[in-house]
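Colleague: Next comes target-v6.cif, mmCIF, C-alpha atoms:
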```
data_upload
loop_
_atom_site.group_PDB
_atom_site.id
_atom_site.type_symbol
_atom_site.label_atom_id
_atom_site.label_comp_id
_atom_site.auth_asym_id
_atom_site.auth_seq_id
_atom_site.Cartn_x
_atom_site.Cartn_y
_atom_site.Cartn_z
ATOM 1 C CA MET A 276 6.667 5.216 -41.150
ATOM 2 C CA ASP A 277 6.957 3.088 -44.141
ATOM 3 C CA SER A 278 10.151 1.398 -45.232
ATOM 4 C CA ARG A 279 10.917 4.033 -47.867
ATOM 5 C CA ARG A 280 11.063 6.814 -45.275
ATOM 6 C CA ILE A 281 13.278 4.698 -42.985
ATOM 7 C CA ILE A 282 15.719 4.110 -45.813
ATOM 8 C CA ILE A 283 15.830 7.815 -46.642
ATOM 9 C CA LEU A 284 16.323 8.689 -42.946
ATOM 10 C CA VAL A 285 19.197 6.191 -42.592
ATOM 11 C CA PHE A 286 20.802 7.516 -45.763
ATOM 12 C CA ALA A 287 20.496 11.128 -44.568
ATOM 13 C CA LEU A 288 22.032 10.287 -41.198
ATOM 14 C CA SER A 289 24.918 8.405 -42.819
ATOM 15 C CA VAL A 290 25.634 11.368 -45.110
ATOM 16 C CA ALA A 291 25.524 13.744 -42.131
ATOM 17 C CA TYR A 292 28.006 11.685 -40.076
ATOM 18 C CA SER A 293 30.408 10.691 -42.851
ATOM 19 C CA PRO A 294 32.338 14.026 -42.924
ATOM 20 C CA ALA A 295 32.941 13.722 -39.184
ATOM 21 C CA LEU A 296 34.390 10.252 -39.583
ATOM 22 C CA GLY A 297 36.550 11.045 -42.597
ATOM 23 C CA ARG A 298 37.758 14.510 -41.602
ATOM 24 C CA PRO A 299 41.417 15.417 -42.137
ATOM 25 C CA LEU A 300 43.705 15.412 -39.127
ATOM 26 C CA ASP A 301 43.966 18.596 -37.110
ATOM 27 C CA ASP A 302 46.944 19.696 -35.087
ATOM 28 C CA TYR A 303 45.309 18.128 -32.016
ATOM 29 C CA ASP A 304 44.151 14.590 -31.355
ATOM 30 C CA ASP A 305 40.898 13.632 -29.608
ATOM 31 C CA LEU A 306 42.427 14.119 -26.162
ATOM 32 C CA GLY A 307 43.659 17.630 -26.903
ATOM 33 C CA ASN A 308 47.339 16.726 -27.267
ATOM 34 C CA GLU A 309 49.229 18.562 -29.973
ATOM 35 C CA ILE A 310 50.233 16.487 -33.000
ATOM 36 C CA TYR A 311 53.623 17.354 -34.486
ATOM 37 C CA PRO A 312 53.846 17.281 -38.274
ATOM 38 C CA LEU A 313 56.328 14.859 -39.815
ATOM 39 C CA ALA A 314 58.340 17.659 -41.460
ATOM 40 C CA GLU A 315 59.621 18.856 -38.101
ATOM 41 C CA LEU A 316 60.951 15.442 -37.123
ATOM 42 C CA SER A 317 64.543 14.791 -38.090
ATOM 43 C CA ALA A 318 65.992 11.481 -39.146
ATOM 44 C CA ILE A 319 68.003 9.606 -36.578
ATOM 45 C CA LYS A 320 71.649 9.394 -37.555
ATOM 46 C CA MET A 321 73.920 6.674 -36.296
ATOM 47 C CA THR A 322 77.434 7.907 -35.760
ATOM 48 C CA GLU A 323 78.835 4.867 -33.967
ATOM 49 C CA LYS A 324 79.843 1.724 -35.784
ATOM 50 C CA PRO A 325 78.713 -1.547 -34.291
ATOM 51 C CA THR A 326 81.439 -3.105 -32.183
ATOM 52 C CA ILE A 327 82.451 -6.667 -32.929
ATOM 53 C CA ILE A 328 83.185 -8.765 -29.892
ATOM 54 C CA PRO A 329 86.228 -10.984 -30.538
ATOM 55 C CA PRO A 330 85.848 -14.664 -29.709
ATOM 56 C CA THR A 331 87.311 -15.559 -26.358
ATOM 57 C CA THR A 332 89.916 -18.240 -25.935
ATOM 58 C CA ALA A 333 89.645 -18.288 -22.170
ATOM 59 C CA ASN A 334 89.335 -21.567 -20.318
ATOM 60 C CA PRO A 335 85.788 -22.682 -19.564
ATOM 61 C CA VAL A 336 84.470 -21.974 -16.128
ATOM 62 C CA GLN A 337 85.264 -24.764 -13.719
ATOM 63 C CA GLN A 338 82.348 -26.462 -12.086
ATOM 64 C CA SER A 339 81.991 -26.432 -8.351
ATOM 65 C CA ILE A 340 83.125 -29.374 -6.282
ATOM 66 C CA VAL A 341 80.030 -29.242 -4.105
ATOM 67 C CA GLU A 342 78.046 -32.483 -4.284
ATOM 68 C CA THR A 343 74.488 -32.094 -5.480
ATOM 69 C CA THR A 344 71.567 -34.452 -5.468
ATOM 70 C CA THR A 345 71.629 -34.736 -9.264
ATOM 71 C CA GLU A 346 75.074 -36.357 -9.313
ATOM 72 C CA TYR A 347 75.099 -40.047 -8.472
ATOM 73 C CA LYS A 348 78.389 -40.897 -6.808
ATOM 74 C CA TYR A 349 77.936 -44.688 -7.105
ATOM 75 C CA LYS A 350 77.621 -44.687 -10.895
ATOM 76 C CA ASP A 351 80.790 -46.731 -11.477
ATOM 77 C CA ILE A 352 79.642 -49.424 -9.027
ATOM 78 C CA ILE A 353 76.194 -49.682 -10.618
ATOM 79 C CA GLU A 354 77.617 -50.136 -14.138
ATOM 80 C CA ALA A 355 78.719 -53.688 -13.288
ATOM 81 C CA TYR A 356 75.132 -54.624 -12.386
ATOM 82 C CA THR A 357 73.295 -52.996 -15.275
ATOM 83 C CA ILE A 358 71.659 -55.168 -17.906
ATOM 84 C CA GLU A 359 71.424 -54.086 -21.513
ATOM 85 C CA VAL A 360 67.819 -54.073 -22.641
ATOM 86 C CA PRO A 361 66.791 -55.528 -26.018
ATOM 87 C CA LYS A 362 65.670 -53.009 -28.627
ATOM 88 C CA LEU A 363 62.187 -53.137 -30.085
ATOM 89 C CA GLU A 364 62.216 -52.910 -33.876
ATOM 90 C CA SER A 365 59.385 -53.034 -36.383
ATOM 91 C CA ILE A 366 58.607 -53.946 -39.976
ATOM 92 C CA ARG A 367 55.738 -52.087 -41.616
ATOM 93 C CA HIS A 368 53.815 -53.943 -44.281
ATOM 94 C CA ALA A 369 50.422 -53.788 -46.000
ATOM 95 C CA ALA A 370 48.573 -55.674 -43.271
ATOM 96 C CA GLY A 371 50.048 -53.646 -40.387
ATOM 97 C CA THR A 372 53.248 -53.615 -38.380
ATOM 98 C CA LEU A 373 55.305 -56.568 -37.174
ATOM 99 C CA TYR A 374 57.310 -55.938 -33.994
ATOM 100 C CA TYR A 375 60.376 -57.926 -32.971
ATOM 101 C CA THR A 376 63.211 -57.510 -30.473
ATOM 102 C CA VAL A 377 66.922 -57.297 -31.147
ATOM 103 C CA ASP A 378 69.316 -58.281 -28.383
ATOM 104 C CA PRO A 379 72.288 -55.948 -27.775
ATOM 105 C CA GLN A 380 74.728 -58.666 -28.925
ATOM 106 C CA GLU A 381 72.856 -59.346 -32.193
ATOM 107 C CA ASP A 382 73.359 -57.646 -35.515
ATOM 108 C CA PRO A 383 70.141 -55.687 -36.272
ATOM 109 C CA TYR A 384 70.378 -56.321 -40.030
ATOM 110 C CA LYS A 385 70.803 -60.090 -39.638
ATOM 111 C CA LYS A 386 67.896 -60.200 -37.205
ATOM 112 C CA LEU A 387 65.758 -58.207 -39.675
ATOM 113 C CA MET A 388 66.545 -60.645 -42.470
ATOM 114 C CA GLN A 389 65.781 -63.626 -40.226
ATOM 115 C CA VAL A 390 62.428 -62.185 -39.095
ATOM 116 C CA TYR A 391 61.559 -61.290 -42.700
ATOM 117 C CA GLN A 392 62.353 -64.782 -43.923
ATOM 118 C CA ASP A 393 60.463 -66.464 -41.061
ATOM 119 C CA ASN A 394 57.336 -64.352 -41.422
ATOM 120 C CA PHE A 395 57.120 -63.460 -45.099
ATOM 121 C CA GLU A 396 59.164 -65.844 -47.275
ATOM 122 C CA THR A 397 58.721 -69.176 -45.500
ATOM 123 C CA PRO A 398 54.893 -69.077 -45.297
ATOM 124 C CA MET A 399 54.723 -68.460 -49.043
ATOM 125 C CA ASN A 400 56.885 -71.490 -49.777
ATOM 126 C CA ARG A 401 55.334 -73.717 -47.123
ATOM 127 C CA ASN A 402 54.008 -76.324 -49.555
ATOM 128 C CA LEU A 403 57.218 -76.630 -51.524
ATOM 129 C CA PRO A 404 59.660 -79.360 -50.577
ATOM 130 C CA LYS A 405 62.806 -78.150 -48.826
ATOM 131 C CA ASN A 406 66.234 -79.113 -50.092
ATOM 132 C CA VAL A 407 64.949 -81.958 -52.241
ATOM 133 C CA PRO A 408 66.909 -82.535 -55.424
ATOM 134 C CA PRO A 409 64.942 -82.518 -58.680
ATOM 135 C CA PRO A 410 63.705 -85.905 -59.851
ATOM 136 C CA LYS A 411 65.983 -87.908 -62.097
ATOM 137 C CA ASP A 412 64.670 -89.293 -65.364
#
```
Can I see the file as structure tokens?
Modeller:
Amino acid sequence: MDSRRIIILVFALSVAYSPALGRPLDDYDDLGNEIYPLAELSAIKMTEKPTIIPPTTANPVQQSIVETTTEYKYKDIIEAYTIEVPKLESIRHAAGTLYYTVDPQEDPYKKLMQVYQDNFETPMNRNLPKNVPPPKD
């Protein structure tokens, strides 16, 4: 068969099967179960109003006194031996990120200004004399 006959055969088969695919719904589905039309179905009416639950003012439930493994009973003793760890801070700039640490007793803003001055302002003014009065004429 030439290509023209194949095209005509495919077209004829598609026309023959298209009414089967696009047929209107019957009263039965493919499994033989009866389909009920929508006109017979009634709308669901709600007769009850939704109940609003009032907020409770009851006391919270007390926790059990049973010791568990998640509670550490020596917490108050350990507090005397704990050491506060310095915080790691950073300054982002065009060449990357500069990291520095801030001790718990230090003011983070003052430390930031000190690190900024040491790393960014001082190197720029390295060749200038420090605290030298201007020359007198």
Colleague: Give me, please, the distance in Å between CA of Glu354 in chain A and CA of Pro383 in chain A, quoted to one decimal.
Modeller: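 Between these atoms lies a distance of 24.0 Å.
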Colleague: Go through A:Val360, A:Ile327, A:Ile283, A:Leu288 and flag the residue nearest Asp378 in chain A, using all atoms listed in the file for the distances.
Modeller: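 So, comparing all the options, the nearest one is A:Val360.
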Colleague: Hey, can you check how far CA of Pro408 in chain A sits from CA of Gln392 in chain A?
Modeller: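 We find that CA of Pro408 in chain A and CA of Gln392 in chain A lie 21.6 Å from each other.
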Colleague: Calculate how many Å separate CA of Tyr391 in chain A from CA of Lys362 in chain A, rounding to one decimal.
Modeller: 16.8 Å
Colleague: Quick one: axis-aligned box around all listed atoms of range 370-375 of chain A, 4 Å on every side, centre and edge lengths in Å to one decimal, written as lines of an AutoDock Vina configuration file.
Modeller:
```
center_x = 54.5
center_y = -55.8
center_z = -38.1
size_x = 19.8
size_y = 12.3
size_z = 18.3
```
Colleague: Starting from the point (66.6, -53.6, -39.7), work out which residues of protein, DNA or RNA have an atom no more than 12 Å away when counting only C-alpha atoms; state them as a compact mmCIF listing (two decimals) with C-alpha atoms, in the coordinates of the input.
Modeller:
```txt
# COMPACT_ATOMS: atom_id res chain seq x y z
CA LYS A 362 65.67 -53.01 -28.63
CA LEU A 363 62.19 -53.14 -30.08
CA GLU A 364 62.22 -52.91 -33.88
CA SER A 365 59.38 -53.03 -36.38
CA ILE A 366 58.61 -53.95 -39.98
CA ARG A 367 55.74 -52.09 -41.62
CA LEU A 373 55.30 -56.57 -37.17
CA TYR A 374 57.31 -55.94 -33.99
CA TYR A 375 60.38 -57.93 -32.97
CA THR A 376 63.21 -57.51 -30.47
CA VAL A 377 66.92 -57.30 -31.15
CA GLU A 381 72.86 -59.35 -32.19
CA ASP A 382 73.36 -57.65 -35.52
CA PRO A 383 70.14 -55.69 -36.27
CA TYR A 384 70.38 -56.32 -40.03
CA LYS A 385 70.80 -60.09 -39.64
CA LYS A 386 67.90 -60.20 -37.20
CA LEU A 387 65.76 -58.21 -39.67
CA MET A 388 66.54 -60.64 -42.47
CA GLN A 389 65.78 -63.63 -40.23
CA VAL A 390 62.43 -62.18 -39.10
CA TYR A 391 61.56 -61.29 -42.70
```
